[in-house]
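Undergrad: Structure file my_file-v6.pdb (PDB, C-alpha atoms and all ligand atoms) right here:
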ATOM      1  CA  MET A   1       0.000   0.000   0.000
ATOM      2  CA  GLU A   2       1.335   3.402  -0.856
ATOM      3  CA  ASN A   3       1.943   6.224   1.608
ATOM      4  CA  HIS A   4       2.429   3.957   4.614
ATOM      5  CA  CYS A   5       5.561   5.773   5.751
ATOM      6  CA  CYS A   6       4.535   9.331   4.909
ATOM      7  CA  LYS A   7       7.700   9.673   2.813
ATOM      8  CA  GLU A   8       5.770  11.903   0.456
ATOM      9  CA  GLY A   9       6.235  14.725   2.989
ATOM     10  CA  PHE A  10       9.925  15.094   2.083
ATOM     11  CA  ALA A  11      11.336  15.614  -1.420
ATOM     12  CA  GLY A  12      14.318  17.287  -2.999
ATOM     13  CA  GLY A  13      15.974  17.973   0.345
ATOM     14  CA  VAL A  14      13.064  19.906   1.856
ATOM     15  CA  TYR A  15       9.768  19.158   3.554
ATOM     16  CA  VAL A  16       6.874  19.455   1.126
ATOM     17  CA  LEU A  17       3.117  19.542   1.411
ATOM     18  CA  PRO A  18       1.839  16.333  -0.150
ATOM     19  CA  PRO A  19      -1.524  16.446  -1.904
ATOM     20  CA  LEU A  20      -4.407  14.999   0.062
ATOM     21  CA  PRO A  21      -4.346  11.216  -0.367
ATOM     22  CA  ARG A  22      -8.104  11.150  -1.075
ATOM     23  CA  GLU A  23     -10.812  13.253  -2.663
ATOM     24  CA  LEU A  24     -12.490  15.836  -0.439
ATOM     25  CA  SER A  25     -15.706  13.808  -0.608
ATOM     26  CA  GLU A  26     -13.948  10.873   1.040
ATOM     27  CA  TYR A  27     -13.676  12.889   4.260
ATOM     28  CA  GLU A  28     -17.325  13.946   4.194
ATOM     29  CA  PRO A  29     -18.646  11.435   6.766
ATOM     30  CA  VAL A  30     -16.334  13.100   9.305
ATOM     31  CA  LEU A  31     -15.410  16.489   7.858
ATOM     32  CA  ASP A  32     -16.912  19.050   5.496
ATOM     33  CA  ALA A  33     -14.921  19.939   2.394
ATOM     34  CA  GLU A  34     -14.232  23.527   3.471
ATOM     35  CA  THR A  35     -12.671  22.377   6.745
ATOM     36  CA  VAL A  36     -10.435  19.878   4.942
ATOM     37  CA  ARG A  37      -9.400  22.412   2.300
ATOM     38  CA  LEU A  38      -8.496  25.127   4.809
ATOM     39  CA  HIS A  39      -6.839  22.650   7.135
ATOM     40  CA  HIS A  40      -4.647  21.136   4.429
ATOM     41  CA  ASP A  41      -3.925  24.155   2.214
ATOM     42  CA  CYS A  42      -3.384  26.696   5.014
ATOM     43  CA  HIS A  43      -2.668  25.083   8.384
ATOM     44  CA  HIS A  44      -0.693  22.055   7.211
ATOM     45  CA  ALA A  45       1.150  24.173   4.648
ATOM     46  CA  ALA A  46       2.233  26.584   7.388
ATOM     47  CA  TYR A  47       3.800  23.746   9.390
ATOM     48  CA  VAL A  48       5.756  22.629   6.326
ATOM     49  CA  ALA A  49       7.078  26.160   5.828
ATOM     50  CA  GLY A  50       7.869  26.433   9.552
ATOM     51  CA  ALA A  51       9.817  23.164   9.566
ATOM     52  CA  ASN A  52      11.906  24.251   6.581
ATOM     53  CA  GLY A  53      12.480  27.650   8.188
ATOM     54  CA  ALA A  54      13.679  26.077  11.418
ATOM     55  CA  MET A  55      16.047  23.812   9.496
ATOM     56  CA  THR A  56      17.486  26.865   7.752
ATOM     57  CA  GLU A  57      17.997  28.597  11.095
ATOM     58  CA  LEU A  58      19.762  25.553  12.548
ATOM     59  CA  ARG A  59      22.071  25.349   9.522
ATOM     60  CA  ARG A  60      22.910  29.032   9.867
ATOM     61  CA  ILE A  61      23.812  28.528  13.532
ATOM     62  CA  ALA A  62      25.989  25.547  12.580
ATOM     63  CA  ALA A  63      27.741  27.706   9.965
ATOM     64  CA  GLY A  64      28.450  30.436  12.514
ATOM     65  CA  LYS A  65      26.165  32.891  10.752
ATOM     66  CA  GLU A  66      23.723  33.256  13.617
ATOM     67  CA  ASP A  67      23.963  33.607  17.399
ATOM     68  CA  ALA A  68      24.665  30.186  18.900
ATOM     69  CA  ASN A  69      22.213  31.003  21.706
ATOM     70  CA  ALA A  70      19.412  30.736  19.151
ATOM     71  CA  ALA A  71      19.722  26.955  18.920
ATOM     72  CA  PRO A  72      17.158  26.053  21.625
ATOM     73  CA  CYS A  73      14.608  28.448  20.135
ATOM     74  CA  ALA A  74      15.141  27.055  16.627
ATOM     75  CA  THR A  75      14.879  23.533  17.995
ATOM     76  CA  ARG A  76      11.531  24.297  19.635
ATOM     77  CA  LYS A  77      10.333  25.780  16.360
ATOM     78  CA  LEU A  78      11.432  22.627  14.552
ATOM     79  CA  ALA A  79       9.736  20.322  17.064
ATOM     80  CA  PHE A  80       6.449  22.196  16.780
ATOM     81  CA  ASN A  81       6.371  22.534  13.003
ATOM     82  CA  LEU A  82       7.895  19.210  12.019
ATOM     83  CA  GLY A  83       5.668  17.475  14.547
ATOM     84  CA  GLY A  84       2.721  19.240  12.954
ATOM     85  CA  HIS A  85       3.824  18.233   9.466
ATOM     86  CA  LEU A  86       4.264  14.555  10.302
ATOM     87  CA  LEU A  87       1.037  14.272  12.280
ATOM     88  CA  HIS A  88      -1.020  15.920   9.548
ATOM     89  CA  CYS A  89       0.466  13.551   6.942
ATOM     90  CA  LEU A  90      -0.756  10.698   9.151
ATOM     91  CA  TYR A  91      -4.108  12.312   9.832
ATOM     92  CA  TRP A  92      -5.063  12.651   6.157
ATOM     93  CA  ASN A  93      -4.395   8.948   5.698
ATOM     94  CA  CYS A  94      -6.134   7.802   8.888
ATOM     95  CA  ILE A  95      -9.656   8.812   7.774
ATOM     96  CA  CYS A  96     -11.727   7.115   5.086
ATOM     97  CA  SER A  97     -15.390   7.013   4.131
ATOM     98  CA  ASP A  98     -15.696   3.218   3.934
ATOM     99  CA  SER A  99     -13.985   2.149   7.147
ATOM    100  CA  LYS A 100     -13.832  -1.594   7.752
ATOM    101  CA  PRO A 101     -13.342  -3.193  11.181
ATOM    102  CA  LEU A 102      -9.750  -3.808  12.202
ATOM    103  CA  SER A 103      -8.865  -7.325  11.060
ATOM    104  CA  ASP A 104      -5.060  -7.369  11.008
ATOM    105  CA  SER A 105      -4.129 -10.122  13.464
ATOM    106  CA  ALA A 106      -0.846  -8.586  14.622
ATOM    107  CA  LEU A 107      -2.420  -5.210  15.434
ATOM    108  CA  VAL A 108      -5.476  -6.861  17.026
ATOM    109  CA  ALA A 109      -3.124  -8.851  19.278
ATOM    110  CA  ALA A 110      -1.010  -5.811  20.162
ATOM    111  CA  ILE A 111      -4.121  -3.823  21.081
ATOM    112  CA  ALA A 112      -5.441  -6.676  23.232
ATOM    113  CA  GLU A 113      -2.097  -6.989  24.997
ATOM    114  CA  GLN A 114      -1.940  -3.315  25.979
ATOM    115  CA  PHE A 115      -5.554  -2.261  26.343
ATOM    116  CA  GLY A 116      -7.371  -5.489  27.241
ATOM    117  CA  ASP A 117      -9.460  -5.485  24.103
ATOM    118  CA  PHE A 118     -10.513  -3.219  21.239
ATOM    119  CA  ASP A 119     -13.165  -1.511  23.379
ATOM    120  CA  GLY A 120     -10.491  -0.715  25.950
ATOM    121  CA  PHE A 121      -8.391   0.937  23.270
ATOM    122  CA  VAL A 122     -11.384   2.974  22.048
ATOM    123  CA  ARG A 123     -12.194   4.064  25.609
ATOM    124  CA  LEU A 124      -8.621   5.237  26.232
ATOM    125  CA  PHE A 125      -8.142   6.889  22.827
ATOM    126  CA  LYS A 126     -11.422   8.811  23.100
ATOM    127  CA  SER A 127     -10.543   9.872  26.622
ATOM    128  CA  ALA A 128      -7.191  11.208  25.371
ATOM    129  CA  ALA A 129      -8.779  13.002  22.403
ATOM    130  CA  ILE A 130     -11.620  14.597  24.325
ATOM    131  CA  GLY A 131      -9.457  15.404  27.336
ATOM    132  CA  VAL A 132      -6.646  17.356  25.670
ATOM    133  CA  GLN A 133      -6.846  20.865  27.100
ATOM    134  CA  GLY A 134      -6.715  23.387  24.283
ATOM    135  CA  SER A 135      -4.975  22.282  21.087
ATOM    136  CA  GLY A 136      -3.449  18.890  20.502
ATOM    137  CA  TRP A 137      -3.763  15.310  19.343
ATOM    138  CA  ALA A 138      -4.695  11.835  20.449
ATOM    139  CA  ILE A 139      -2.059   9.466  19.152
ATOM    140  CA  LEU A 140      -1.628   5.689  19.003
ATOM    141  CA  ALA A 141       2.082   5.002  18.733
ATOM    142  CA  VAL A 142       4.647   2.239  18.853
ATOM    143  CA  GLU A 143       7.308   2.737  21.526
ATOM    144  CA  GLN A 144      10.670   1.809  20.036
ATOM    145  CA  MET A 145      12.340  -0.122  22.861
ATOM    146  CA  SER A 146       9.435  -2.356  23.804
ATOM    147  CA  ARG A 147       7.493  -2.239  20.528
ATOM    148  CA  ARG A 148       4.436  -1.788  22.737
ATOM    149  CA  LEU A 149       1.483   0.338  21.697
ATOM    150  CA  MET A 150       0.781   3.475  23.678
ATOM    151  CA  VAL A 151      -2.024   6.030  23.586
ATOM    152  CA  LEU A 152      -0.898   9.598  24.196
ATOM    153  CA  ALA A 153      -2.714  12.885  24.724
ATOM    154  CA  VAL A 154      -0.332  15.368  23.113
ATOM    155  CA  HIS A 155      -0.604  19.114  23.552
ATOM    156  CA  ARG A 156       0.177  21.280  20.520
ATOM    157  CA  HIS A 157       2.122  18.979  18.130
ATOM    158  CA  GLN A 158       4.874  17.737  20.386
ATOM    159  CA  ASP A 159       4.321  18.169  24.138
ATOM    160  CA  ALA A 160       4.196  14.766  25.911
ATOM    161  CA  LEU A 161       5.315  12.953  22.773
ATOM    162  CA  VAL A 162       7.858  10.548  24.216
ATOM    163  CA  GLY A 163      11.173  10.417  22.360
ATOM    164  CA  GLY A 164      11.351   7.836  19.611
ATOM    165  CA  MET A 165       7.608   7.203  19.497
ATOM    166  CA  MET A 166       6.369   6.099  16.087
ATOM    167  CA  PRO A 167       2.761   7.312  15.674
ATOM    168  CA  ILE A 168       0.486   5.092  13.608
ATOM    169  CA  LEU A 169      -2.888   6.767  14.223
ATOM    170  CA  ALA A 170      -3.464  10.454  14.917
ATOM    171  CA  CYS A 171      -6.627  12.431  15.666
ATOM    172  CA  ASP A 172      -6.250  16.196  15.396
ATOM    173  CA  VAL A 173      -8.251  17.929  18.134
ATOM    174  CA  TRP A 174      -7.173  21.494  17.387
ATOM    175  CA  GLU A 175     -10.331  23.540  16.911
ATOM    176  CA  HIS A 176      -9.371  24.199  13.265
ATOM    177  CA  ALA A 177      -9.924  20.483  12.641
ATOM    178  CA  TYR A 178     -13.610  20.401  13.561
ATOM    179  CA  TYR A 179     -15.116  23.758  14.508
ATOM    180  CA  LEU A 180     -17.015  24.569  11.295
ATOM    181  CA  ARG A 181     -19.203  21.459  11.545
ATOM    182  CA  TYR A 182     -19.082  20.527  15.223
ATOM    183  CA  GLN A 183     -18.537  23.892  16.943
ATOM    184  CA  ASN A 184     -17.640  23.166  20.581
ATOM    185  CA  ASN A 185     -18.819  19.532  20.451
ATOM    186  CA  ARG A 186     -15.413  17.901  20.190
ATOM    187  CA  ALA A 187     -16.823  14.591  21.428
ATOM    188  CA  ALA A 188     -19.145  14.333  18.396
ATOM    189  CA  TYR A 189     -16.179  14.924  16.070
ATOM    190  CA  VAL A 190     -14.084  12.310  17.885
ATOM    191  CA  ASP A 191     -16.977   9.825  17.636
ATOM    192  CA  ALA A 192     -17.216  10.386  13.887
ATOM    193  CA  PHE A 193     -13.440  10.043  13.536
ATOM    194  CA  MET A 194     -13.458   6.728  15.421
ATOM    195  CA  ARG A 195     -16.129   5.336  13.084
ATOM    196  CA  HIS A 196     -14.122   6.195   9.969
ATOM    197  CA  ILE A 197     -10.595   5.059  10.690
ATOM    198  CA  ASN A 198      -8.720   3.516   7.774
ATOM    199  CA  TRP A 199      -7.595   0.471   9.766
ATOM    200  CA  GLU A 200      -6.048  -1.150   6.727
ATOM    201  CA  TRP A 201      -3.649   1.781   6.369
ATOM    202  CA  VAL A 202      -2.938   1.945  10.123
ATOM    203  CA  ALA A 203      -2.232  -1.801  10.295
ATOM    204  CA  HIS A 204       0.075  -1.593   7.312
ATOM    205  CA  ARG A 205       2.057   1.175   8.980
ATOM    206  CA  PHE A 206       2.134  -0.773  12.278
ATOM    207  CA  ASN A 207       3.479  -3.905  10.609
ATOM    208  CA  ASN A 208       6.008  -1.923   8.628
ATOM    209  CA  ILE A 209       7.393  -0.332  11.809
ATOM    210  CA  CYS A 210       7.447  -3.579  13.793
ATOM    211  CA  GLN A 211       9.203  -5.518  11.042
ATOM    212  CA  ASN A 212      12.097  -3.047  10.890
TER     213      ASN A 212
HETATM  214 MN    MN B   1      -4.416  20.516  12.336
END
Transcribe the structure of this file into structure tokens.

TA:
Amino acid sequence: MENHCCKEGFAGGVYVLPPLPRELSEYEPVLDAETVRLHHDCHHAAYVAGANGAMTELRRIAAGKEDANAAPCATRKLAFNLGGHLLHCLYWNCICSDSKPLSDSALVAAIAEQFGDFDGFVRLFKSAAIGVQGSGWAILAVEQMSRRLMVLAVHRHQDALVGGMMPILACDVWEHAYYLRYQNNRAAYVDAFMRHINWEWVAHRFNNICQN
């Protein structure tokens, strides 16, 4: 399956905004077309530009062309914007209009091992998504040392994202992701998201990470 590693977000030595992996209508069960268009063309694009800008700043510091004290600030800018870029690449792939139940045996087993069963995972993931204060994400990720699955409630694009985590499923709960259709009812948006997860894509990414 294509796009499983989100490599389309980097080309020619810079981060790039990949086109949406599906038609706008494919997001309709969860998201209206105007929300998706603004979110992708404006918000996601800004994170791509920010990540490239931070990389330029870091190179200038390395070359002695900028105050060395600027490194922590440039690093924070990189973490925010590159985190945003990666998570949005995932997000656009995680949603589909014809979601089928998770059937991949390896991912089913990993979810059962960590969360008891699929319902336990859903309970925890929804709790993370609905509970993020302000802007952030609910993320299902593979932790590198243990290869265990973990659910994280991440503020902004990077706070509380443990080092080395490999996200495989990401639900954007910034207001820009849902406000036009759902207003302040984030729970209704999260419910719709959970019913339209592209489990085939998520499982492919999970297996790809765990096999490497
Ligand atoms: Mn977003």

Undergrad: Counting all atoms listed in the file, which residues of chain A fall within 6 Å of ligand MN 1 (chain B), and what is the closest atom pair for each with its distance in Å at one decimal, ordered by chain and rising number, as a tab-separated table?

TA:
residue	atom	partner	partner_atom	distance
A:Asp172	CA	B:MN1	MN	5.6
A:Trp174	CA	B:MN1	MN	5.8
A:Ala177	CA	B:MN1	MN	5.5

Undergrad: Please evaluate the PyMOL selection byres (((chain A and resi 197) around 8) and not hetatm) against the structure above and give the resulting residues as a list in words.

TA: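 With the shown file as input, the PyMOL selection byres (((chain A and resi 197) around 8) and not hetatm) matches Cys94, Ile95, Cys96, Ser99, Lys100, Phe193, Met194, Arg195, His196, Asn198 and Trp199 of chain A.
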
Undergrad: For A:Gly134, please output as a ChimeraX atom specification all residues within 9 Å (counting all atoms listed in the file; exclusion window: fewer than 6 positions along the same chain).

TA: /A:155-156,173-175

Undergrad: In Å, with one decimal, what is the gap from atom CA of A:Met145 to atom CA of A:Tyr15?

TA: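 Between atom CA of A:Met145 and atom CA of A:Tyr15 the gap works out to 27.4 Å.
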
Undergrad: Check what the PyMOL selection byres (((chain A and resi 80) around 10) and not hetatm) selects in the file above and give those residues as a list in words.

TA: Tyr47, Gly50, Ala51, Ala54, Ala74, Thr75, Arg76, Lys77, Leu78, Ala79, Asn81, Leu82, Gly83, Gly84, His85, Arg156, His157, Gln158 and Asp159 of chain A

Undergrad: What's the separation between atom CA of A:Asp117 and atom CA of A:Ser97, in Å to one decimal place?

TA: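 Result for atom CA of A:Asp117 versus atom CA of A:Ser97: 24.3 Å, one decimal.
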
Undergrad: Report the residues retrieved by the PyMOL selection byres (((chain A and resi 88) around 12) and not hetatm) from the displayed file, expressed as JSON, numbers by chain.

TA: {"A": [6, 9, 17, 18, 19, 20, 21, 36, 39, 40, 41, 42, 43, 44, 45, 46, 47, 48, 81, 82, 83, 84, 85, 86, 87, 89, 90, 91, 92, 93, 94, 95, 136, 137, 139, 157, 167, 168, 169, 170, 171, 172, 173, 174, 177]}

Undergrad: Report the distance between atom CA of A:Ala129 and atom CA of A:Ala153 in Å, rounded to one decimal place.

TA: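 For atom CA of A:Ala129 relative to atom CA of A:Ala153, the distance reads 6.5 Å.
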
Undergrad: Got a sec: who's within 10 Å of A:Ala106, counting all atoms listed in the file, leaving out chain neighbours fewer than 4 positions off, as an MDAnalysis selection string?

TA: chainID A and resid 110:112 203 206:207 210

Undergrad: Give me, as a list in words, all polymer residues having an atom no more than 12 Å from A:Ile61, counting all atoms listed in the file and skipping those fewer than 4 positions away in the same chain.

TA: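 Residues meeting the cut-off are Ala54, Met55, Thr56, Glu57, Lys65, Glu66, Asp67, Ala68, Asn69, Ala70, Ala71, Pro72, Cys73, Ala74 and Thr75 of chain A.
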
Undergrad: Would you please work out which residue, of A:Ala187, A:Leu149, A:Ile130, A:Met166, is nearest to A:Asn212 when using all atoms listed in the file?

TA: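 Closest candidate: A:Met166.
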
Undergrad: Within 8 Å of A:Ala128, counting all atoms listed in the file, which residues show up once you throw out same-chain ones fewer than 6 positions away? Write them as a VMD selection string, please.

TA: chain A and resid 138 151 to 153

Undergrad: Which is closest to A:Tyr27 among A:Asp98, A:Tyr179, A:Gly116, A:Val108, if we use only C-alpha atoms?

TA: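 The closest residue to A:Tyr27 is A:Asp98.
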
Undergrad: Nearest to A:Val14: which of A:Asn52, A:Thr35, A:Ser105, A:Gln211 is it, counting only C-alpha atoms?

TA: A:Asn52
